[in-house]
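Structure file input14.pdb (PDB, C-alpha atoms) is printed below.
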ATOM      1  CA  MET A  30     137.964 -98.909  17.556
ATOM      2  CA  LYS A  31     139.654-101.143  20.040
ATOM      3  CA  ASP A  32     139.646-104.624  21.498
ATOM      4  CA  GLY A  33     142.192-104.391  24.254
ATOM      5  CA  GLY A  34     144.102-102.000  21.947
ATOM      6  CA  GLN A  35     143.687-100.495  18.515
ATOM      7  CA  LEU A  36     142.246-102.766  15.841
ATOM      8  CA  SER A  37     143.845-102.351  12.441
ATOM      9  CA  HIS A  38     140.656-103.482  10.679
ATOM     10  CA  GLU A  39     137.075-103.423  11.877
ATOM     11  CA  GLU A  40     136.590-106.913  10.443
ATOM     12  CA  ALA A  41     138.917-108.252  13.143
ATOM     13  CA  TYR A  42     135.918-108.025  15.490
ATOM     14  CA  ARG A  43     133.086-110.464  14.808
ATOM     15  CA  VAL A  44     129.436-110.413  15.811
ATOM     16  CA  LEU A  45     127.075-113.406  15.649
ATOM     17  CA  VAL A  46     123.755-112.627  13.944
ATOM     18  CA  LEU A  47     120.624-114.634  14.778
ATOM     19  CA  ASN A  48     117.342-114.661  12.888
ATOM     20  CA  ARG A  49     114.017-113.873  14.516
ATOM     21  CA  VAL A  50     113.698-117.420  15.865
ATOM     22  CA  TRP A  51     117.173-117.282  17.427
ATOM     23  CA  GLN A  52     119.027-119.354  14.810
ATOM     24  CA  PRO A  53     122.520-118.252  13.642
ATOM     25  CA  VAL A  54     122.497-116.933  10.082
ATOM     26  CA  ASN A  55     125.741-114.969   9.783
ATOM     27  CA  ILE A  56     128.869-113.566  11.355
ATOM     28  CA  VAL A  57     129.553-109.932  10.522
ATOM     29  CA  GLY A  58     132.155-107.287  11.245
ATOM     30  CA  ALA A  59     131.689-104.357  13.604
ATOM     31  CA  LYS A  60     130.639-101.831  10.943
ATOM     32  CA  ARG A  61     127.924-104.092   9.539
ATOM     33  CA  ALA A  62     126.717-104.991  13.038
ATOM     34  CA  LEU A  63     126.347-101.352  14.065
ATOM     35  CA  GLY A  64     124.584-100.620  10.790
ATOM     36  CA  LEU A  65     122.005-103.343  11.484
ATOM     37  CA  LEU A  66     121.537-102.044  15.012
ATOM     38  CA  PHE A  67     121.169 -98.337  14.280
ATOM     39  CA  GLN A  68     118.990 -98.893  11.211
ATOM     40  CA  ARG A  69     116.684-100.713  13.644
ATOM     41  CA  ASN A  70     116.971-103.997  11.785
ATOM     42  CA  ALA A  71     118.345-105.770  14.854
ATOM     43  CA  GLN A  72     118.554-105.686  18.640
ATOM     44  CA  VAL A  73     121.496-106.507  20.854
ATOM     45  CA  ILE A  74     121.393-109.735  22.848
ATOM     46  CA  ASP A  75     123.454-108.846  25.906
ATOM     47  CA  PRO A  76     124.851-111.906  27.744
ATOM     48  CA  ASN A  77     126.940-109.992  30.240
ATOM     49  CA  HIS A  78     124.621-109.847  33.224
ATOM     50  CA  GLY A  79     123.959-113.519  33.905
ATOM     51  CA  HIS A  80     121.057-113.759  31.472
ATOM     52  CA  TYR A  81     120.236-112.774  27.890
ATOM     53  CA  GLU A  82     118.722-109.317  27.675
ATOM     54  CA  LEU A  83     117.333-107.698  24.505
ATOM     55  CA  LEU A  84     118.310-104.070  23.974
ATOM     56  CA  SER A  85     117.414-101.554  21.261
ATOM     57  CA  ALA A  86     120.031 -99.231  19.767
ATOM     58  CA  GLU A  87     118.998 -96.466  22.168
ATOM     59  CA  GLU A  88     119.175 -98.799  25.162
ATOM     60  CA  TRP A  89     122.586-100.056  24.052
ATOM     61  CA  VAL A  90     123.891 -96.487  23.803
ATOM     62  CA  GLU A  91     122.446 -95.687  27.228
ATOM     63  CA  ARG A  92     124.134 -98.748  28.722
ATOM     64  CA  SER A  93     127.500 -97.687  27.297
ATOM     65  CA  LEU A  94     127.029 -94.193  28.729
ATOM     66  CA  ASP A  95     125.987 -95.467  32.164
ATOM     67  CA  ASP A  96     128.601 -98.240  32.254
ATOM     68  CA  PRO A  97     131.498 -97.324  29.924
ATOM     69  CA  PRO A  98     133.442-100.241  28.440
ATOM     70  CA  GLN A  99     136.591-101.351  30.215
ATOM     71  CA  PRO A 100     139.982-101.039  28.480
ATOM     72  CA  ASP A 101     139.934-104.748  27.578
ATOM     73  CA  GLU A 102     136.418-104.614  26.064
ATOM     74  CA  ALA A 103     135.800-104.118  22.361
ATOM     75  CA  SER A 104     134.438-100.646  21.654
ATOM     76  CA  VAL A 105     134.253 -97.904  19.069
ATOM     77  CA  ARG A 106     134.959 -94.330  20.124
ATOM     78  CA  SER A 107     133.097 -91.325  18.773
ATOM     79  CA  ILE A 108     133.376 -87.663  19.748
ATOM     80  CA  ARG A 109     130.737 -87.924  22.440
ATOM     81  CA  MET A 110     131.092 -91.454  23.772
ATOM     82  CA  ASN A 111     132.827 -94.829  23.821
ATOM     83  CA  LEU A 112     130.296 -97.374  22.536
ATOM     84  CA  ARG A 113     130.657-101.003  23.582
ATOM     85  CA  LEU A 114     130.489-103.417  20.610
ATOM     86  CA  PRO A 115     127.819-106.139  20.812
ATOM     87  CA  GLN A 116     128.644-109.854  20.693
ATOM     88  CA  ILE A 117     125.265-111.086  19.398
ATOM     89  CA  LEU A 118     122.494-109.440  17.352
ATOM     90  CA  LEU A 119     118.907-110.602  16.872
ATOM     91  CA  LEU A 120     117.309-109.659  13.553
ATOM     92  CA  GLN A 121     113.873-108.084  13.892
ATOM     93  CA  ARG A 122     112.072-109.551  10.896
ATOM     94  CA  PHE A 123     114.144-112.293   9.252
ATOM     95  CA  ASP A 124     112.944-115.749  10.375
ATOM     96  CA  ARG A 125     114.511-118.057   7.763
ATOM     97  CA  VAL A 126     117.917-119.677   7.536
ATOM     98  CA  PRO A 127     119.103-118.638   4.075
ATOM     99  CA  VAL A 128     119.557-121.523   1.668
ATOM    100  CA  GLN A 129     121.844-120.389  -1.102
ATOM    101  CA  GLU A 130     124.697-121.675  -3.166
ATOM    102  CA  THR A 131     128.066-120.826  -1.683
ATOM    103  CA  LYS A 132     129.825-118.334  -3.937
ATOM    104  CA  LEU A 133     133.033-119.599  -5.480
ATOM    105  CA  ASN A 134     135.759-117.153  -4.516
ATOM    106  CA  ARG A 135     139.211-117.090  -2.937
ATOM    107  CA  ARG A 136     138.035-116.550   0.640
ATOM    108  CA  ASN A 137     135.379-119.285   0.525
ATOM    109  CA  VAL A 138     137.838-121.846  -0.874
ATOM    110  CA  PHE A 139     140.248-120.992   1.950
ATOM    111  CA  GLU A 140     137.441-121.357   4.477
ATOM    112  CA  ARG A 141     136.302-124.673   2.995
ATOM    113  CA  ASP A 142     139.873-125.956   3.362
ATOM    114  CA  GLN A 143     140.223-124.317   6.824
ATOM    115  CA  TYR A 144     143.245-122.311   5.591
ATOM    116  CA  ARG A 145     145.222-125.544   5.270
ATOM    117  CA  CYS A 146     147.465-126.204   2.270
ATOM    118  CA  GLN A 147     146.019-129.236   0.552
ATOM    119  CA  TYR A 148     149.489-130.469  -0.406
ATOM    120  CA  CYS A 149     151.721-130.086   2.665
ATOM    121  CA  GLY A 150     148.870-130.035   5.207
ATOM    122  CA  GLU A 151     150.069-126.944   7.101
ATOM    123  CA  VAL A 152     147.796-124.085   8.178
ATOM    124  CA  PHE A 153     148.835-120.601   7.003
ATOM    125  CA  PRO A 154     147.588-117.004   7.253
ATOM    126  CA  GLU A 155     145.701-115.830   4.184
ATOM    127  CA  SER A 156     148.661-113.710   3.027
ATOM    128  CA  ARG A 157     150.723-116.878   2.538
ATOM    129  CA  LEU A 158     148.110-118.810   0.566
ATOM    130  CA  ASN A 159     147.164-119.115  -3.094
ATOM    131  CA  LEU A 160     144.431-120.867  -5.028
ATOM    132  CA  ASP A 161     145.655-123.787  -7.097
ATOM    133  CA  HIS A 162     143.995-125.449 -10.084
ATOM    134  CA  VAL A 163     144.615-129.159  -9.457
ATOM    135  CA  ILE A 164     144.385-129.752 -13.196
ATOM    136  CA  PRO A 165     146.014-126.647 -14.720
ATOM    137  CA  ARG A 166     143.800-124.466 -16.854
ATOM    138  CA  ASP A 167     145.937-124.902 -19.961
ATOM    139  CA  ARG A 168     145.367-128.665 -19.615
ATOM    140  CA  GLY A 169     141.612-128.242 -19.574
ATOM    141  CA  GLY A 170     141.158-127.753 -15.839
ATOM    142  CA  ARG A 171     138.079-125.790 -14.854
ATOM    143  CA  THR A 172     137.738-122.993 -12.330
ATOM    144  CA  SER A 173     135.339-124.927 -10.123
ATOM    145  CA  TRP A 174     134.925-126.108  -6.541
ATOM    146  CA  GLU A 175     136.055-129.570  -7.648
ATOM    147  CA  ASN A 176     139.315-128.317  -9.218
ATOM    148  CA  LEU A 177     140.394-125.521  -6.859
ATOM    149  CA  VAL A 178     142.293-126.061  -3.622
ATOM    150  CA  THR A 179     144.114-123.986  -1.047
ATOM    151  CA  SER A 180     147.874-124.080  -1.530
ATOM    152  CA  CYS A 181     150.727-122.411   0.337
ATOM    153  CA  ILE A 182     153.065-120.267  -1.745
ATOM    154  CA  SER A 183     155.875-122.835  -1.511
ATOM    155  CA  CYS A 184     153.776-125.780  -2.713
ATOM    156  CA  ASN A 185     152.134-123.620  -5.352
ATOM    157  CA  SER A 186     155.537-122.644  -6.753
ATOM    158  CA  ARG A 187     156.736-126.241  -6.634
ATOM    159  CA  LYS A 188     153.688-127.553  -8.481
ATOM    160  CA  ALA A 189     153.739-124.753 -11.044
ATOM    161  CA  ASN A 190     151.893-125.719 -14.227
ATOM    162  CA  ARG A 191     151.906-129.471 -13.582
ATOM    163  CA  LEU A 192     149.665-132.154 -12.183
ATOM    164  CA  PRO A 193     150.308-132.868  -8.484
ATOM    165  CA  HIS A 194     152.022-136.239  -9.036
ATOM    166  CA  GLN A 195     154.328-134.700 -11.641
ATOM    167  CA  ALA A 196     155.596-132.300  -8.976
ATOM    168  CA  GLY A 197     155.929-135.012  -6.329
ATOM    169  CA  LEU A 198     152.903-133.714  -4.464
ATOM    170  CA  ARG A 199     149.864-135.562  -3.186
ATOM    171  CA  LEU A 200     146.438-134.005  -2.743
ATOM    172  CA  ARG A 201     145.359-134.572   0.860
ATOM    173  CA  CYS A 202     141.645-134.766   0.074
ATOM    174  CA  GLN A 203     139.428-134.469  -2.969
ATOM    175  CA  PRO A 204     138.004-130.942  -3.343
ATOM    176  CA  VAL A 205     134.205-130.766  -3.293
ATOM    177  CA  ARG A 206     131.488-128.151  -3.372
ATOM    178  CA  PRO A 207     130.761-127.166   0.260
ATOM    179  CA  LYS A 208     127.352-127.999   1.679
ATOM    180  CA  HIS A 209     127.640-125.722   4.715
ATOM    181  CA  ARG A 210     127.096-121.983   4.946
ATOM    182  CA  PRO A 211     130.494-120.216   4.718
ATOM    183  CA  PHE A 212     130.203-118.495   8.100
ATOM    184  CA  LEU A 213     130.184-121.889   9.831
ATOM    185  CA  ALA A 214     133.637-122.596   8.401
ATOM    186  CA  LEU A 215     134.805-119.343   9.947
ATOM    187  CA  LEU A 216     133.643-120.656  13.331
ATOM    188  CA  HIS A 217     135.652-123.853  12.896
ATOM    189  CA  ARG A 218     138.772-121.891  11.959
ATOM    190  CA  ASN A 219     138.657-119.088  14.535
ATOM    191  CA  GLY A 220     136.640-120.688  17.290
ATOM    192  CA  SER A 221     133.662-118.957  18.842
ATOM    193  CA  ARG A 222     132.908-116.718  21.781
ATOM    194  CA  GLU A 223     131.663-118.342  24.945
ATOM    195  CA  SER A 224     128.455-116.280  24.626
ATOM    196  CA  TRP A 225     127.761-117.769  21.161
ATOM    197  CA  LYS A 226     127.892-121.430  22.190
ATOM    198  CA  PRO A 227     124.246-121.812  23.367
ATOM    199  CA  PHE A 228     123.110-120.845  19.844
ATOM    200  CA  LEU A 229     125.492-122.861  17.697
ATOM    201  CA  GLY A 230     123.626-126.118  18.163
ATOM    202  CA  LYS A 231     120.716-124.520  16.285
ATOM    203  CA  THR A 232     122.535-124.582  12.953
TER     204      THR A 232
END

Starting from the file, give its structure as structure tokens.
Amino acid sequence: MKDGGQLSHEEAYRVLVLNRVWQPVNIVGAKRALGLLFQRNAQVIDPNHGHYELLSAEEWVERSLDDPPQPDEASVRSIRMNLRLPQILLLQRFDRVPVQETKLNRRNVFERDQYRCQYCGEVFPESRLNLDHVIPRDRGGRTSWENLVTSCISCNSRKANRLPHQAGLRLRCQPVRPKHRPFLALLHRNGSRESWKPFLGKT
């Protein structure tokens, strides 16, 4: 798979997924997007010809055969062809925006905090971040949205098993349970494709 070169992980490429009434409901990686397409659960919305065109899996394959992707276009190569990756998918049957509680996990806390350390205020890659219990667990602190924050490794080490003020640290904002769908936080962190922008006002 490539996007102007080899991608180390398929999740580096993102695809916007719309429900049947053209509202954004998710952002998925390339593997999941192709699965939705070839299981006939979705169609491609192709924005590359001056207007939005709906294409089935077979039509998308045919387009890639007739007009192979350029070296700077995201694609996945198989034995018989080089398949262009879609930017937007339209689900065939799903017409609701899912209303569900955001799962409490490491990635969603980072996304809520926009990958910003809540002590020093700097933005870091995920590999340089930890989760911090504001009130340490051995002092009765709970593992909850309201007690977990994103912390860089340096601030996390400095705070250790203390309250923030005891380590000379100040919490930049009070942690809360997010009200948004997690994929919207991903948009705020990474930005969005130009082709997605007409649909993002529908969230």

Taking all atoms listed in the file into account, produce a table as a Markdown table in which each residue of segment 97-171 of chain A with an atom at most 12 Å from an atom of segment 184-192 of chain A appears once, together with its shortest atom pair and the distance in Å to one decimal, ordered by chain and rising number.
| residue | atom | partner | partner_atom | distance |
| --- | --- | --- | --- | --- |
| A:Arg145 | CA | A:Cys184 | CA | 11.7 |
| A:Cys146 | CA | A:Cys184 | CA | 8.1 |
| A:Gln147 | CA | A:Cys184 | CA | 9.1 |
| A:Tyr148 | CA | A:Cys184 | CA | 6.8 |
| A:Cys149 | CA | A:Cys184 | CA | 7.2 |
| A:Gly150 | CA | A:Cys184 | CA | 10.2 |
| A:Glu151 | CA | A:Cys184 | CA | 10.6 |
| A:Arg157 | CA | A:Asn185 | CA | 10.5 |
| A:Leu158 | CA | A:Asn185 | CA | 8.6 |
| A:Asn159 | CA | A:Asn185 | CA | 7.1 |
| A:Leu160 | CA | A:Asn185 | CA | 8.2 |
| A:Asp161 | CA | A:Asn185 | CA | 6.7 |
| A:His162 | CA | A:Asn190 | CA | 8.9 |
| A:Val163 | CA | A:Leu192 | CA | 6.5 |
| A:Ile164 | CA | A:Leu192 | CA | 5.9 |
| A:Pro165 | CA | A:Asn190 | CA | 6.0 |
| A:Arg166 | CA | A:Asn190 | CA | 8.6 |
| A:Asp167 | CA | A:Asn190 | CA | 8.3 |
| A:Arg168 | CA | A:Arg191 | CA | 8.9 |
| A:Gly169 | CA | A:Leu192 | CA | 11.6 |
| A:Gly170 | CA | A:Leu192 | CA | 10.3 |

Q) Exactly which residues make up the result of the PyMOL selection byres ((chain A and resi 135) around 10) on this file, given as a count of residues only? A) 15

List as a tab-separated table every residue of segment 54-84 of chain A that is in contact with segment 100-112 of chain A, defined as an atom at most 10 Å from one of its atoms (using all atoms listed in the file), together with the nearest atom pair and the distance in Å rounded to one decimal, sorted by chain and then rising number.
residue	atom	partner	partner_atom	distance
A:Ala59	CA	A:Val105	CA	8.8
A:Lys60	CA	A:Val105	CA	9.7
A:Leu63	CA	A:Val105	CA	10.0

Could you take the residues named above and write them with C-alpha atoms, as a PDB file, keeping the file's coordinate frame?
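Below is the file result.pdb, written as the result:
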ATOM      1  CA  ALA A  59     131.689-104.357  13.604  1.00  0.00           C
ATOM      2  CA  LYS A  60     130.639-101.831  10.943  1.00  0.00           C
ATOM      3  CA  LEU A  63     126.347-101.352  14.065  1.00  0.00           C
TER       4      LEU A  63
END

Q | Point-to-point distance in Å for atom CA of Glu223 of chain A and atom CA of Glu91 of chain A | A |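 Computing it gives 24.6 Å between the two atoms.
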
Could you put an axis-aligned box around every listed atom of segment 79-89 of chain A, padded by 8 Å on each side, and send me its centre and edge lengths in Å to one decimal, as JSON?
{"center_x": 120.6, "center_y": -105.1, "center_z": 26.8, "size_x": 22.6, "size_y": 33.3, "size_z": 30.1}

Q.
Just want the 6 Å neighbourhood of Gln121 of chain A, counted on only C-alpha atoms, with same-chain residues fewer than 5 positions away dropped. Output as a list of chain:residue names.
A.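 My reading of the contact set: A:Arg49, A:Asn70, A:Ala71.
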
Can you write out the residues you just picked, keeping C-alpha atoms, as an mmCIF file, in the coordinates of the input?
data_model
loop_
_atom_site.group_PDB
_atom_site.id
_atom_site.type_symbol
_atom_site.label_atom_id
_atom_site.label_comp_id
_atom_site.auth_asym_id
_atom_site.auth_seq_id
_atom_site.Cartn_x
_atom_site.Cartn_y
_atom_site.Cartn_z
ATOM 1 C CA ARG A 49 114.017 -113.873 14.516
ATOM 2 C CA ASN A 70 116.971 -103.997 11.785
ATOM 3 C CA ALA A 71 118.345 -105.770 14.854
#

Q: One decimal, Å: what's the distance from atom CA of Pro193 of chain A over to atom CA of Thr131 of chain A, could you say?
A: 26.2 Å

Q | Option closest in space to Tyr42 of chain A, from A:Gly64, A:Pro204, A:Gly58, A:Pro97 [counting all atoms listed in the file] | A |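 Once distances to Tyr42 of chain A are computed over all atoms listed in the file, the minimum belongs to A:Gly58.
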
Q: Expand the PyMOL selection byres ((chain A and resi 118) around 12) into the individual residues it matches in the shown file, reporting them as JSON, numbers by chain.
A: {"A": [43, 44, 45, 46, 47, 48, 49, 50, 51, 52, 53, 54, 55, 56, 57, 58, 59, 61, 62, 63, 64, 65, 66, 67, 69, 70, 71, 72, 73, 74, 75, 76, 81, 82, 83, 84, 85, 86, 89, 114, 115, 116, 117, 119, 120, 121, 123, 224, 225, 228]}

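Using all atoms listed in the file, the shortest contact distance between Pro207 of chain A and any of A:Arg222, A:His194, A:Asp142, A:Ser180 is found at A:Asp142.
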
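Each of A:Gln195, A:Gln68, A:Ser156, A:Gln99 was compared to Ile182 of chain A using only C-alpha atoms, and A:Ser156 turns out to be the nearest.
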
Name every residue that the PyMOL selection byres ((chain A and resi 175) around 7) selects in this structure, writing the answer as a PDB file with C-alpha atoms, in the frame of the given file with chains first and numbers rising.
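The resulting file, expr_18.pdb, is reproduced below:
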ATOM      1  CA  SER A 173     135.339-124.927 -10.123  1.00  0.00           C
ATOM      2  CA  TRP A 174     134.925-126.108  -6.541  1.00  0.00           C
ATOM      3  CA  ASN A 176     139.315-128.317  -9.218  1.00  0.00           C
ATOM      4  CA  LEU A 177     140.394-125.521  -6.859  1.00  0.00           C
ATOM      5  CA  PRO A 204     138.004-130.942  -3.343  1.00  0.00           C
ATOM      6  CA  VAL A 205     134.205-130.766  -3.293  1.00  0.00           C
ATOM      7  CA  ARG A 206     131.488-128.151  -3.372  1.00  0.00           C
TER       8      ARG A 206
END
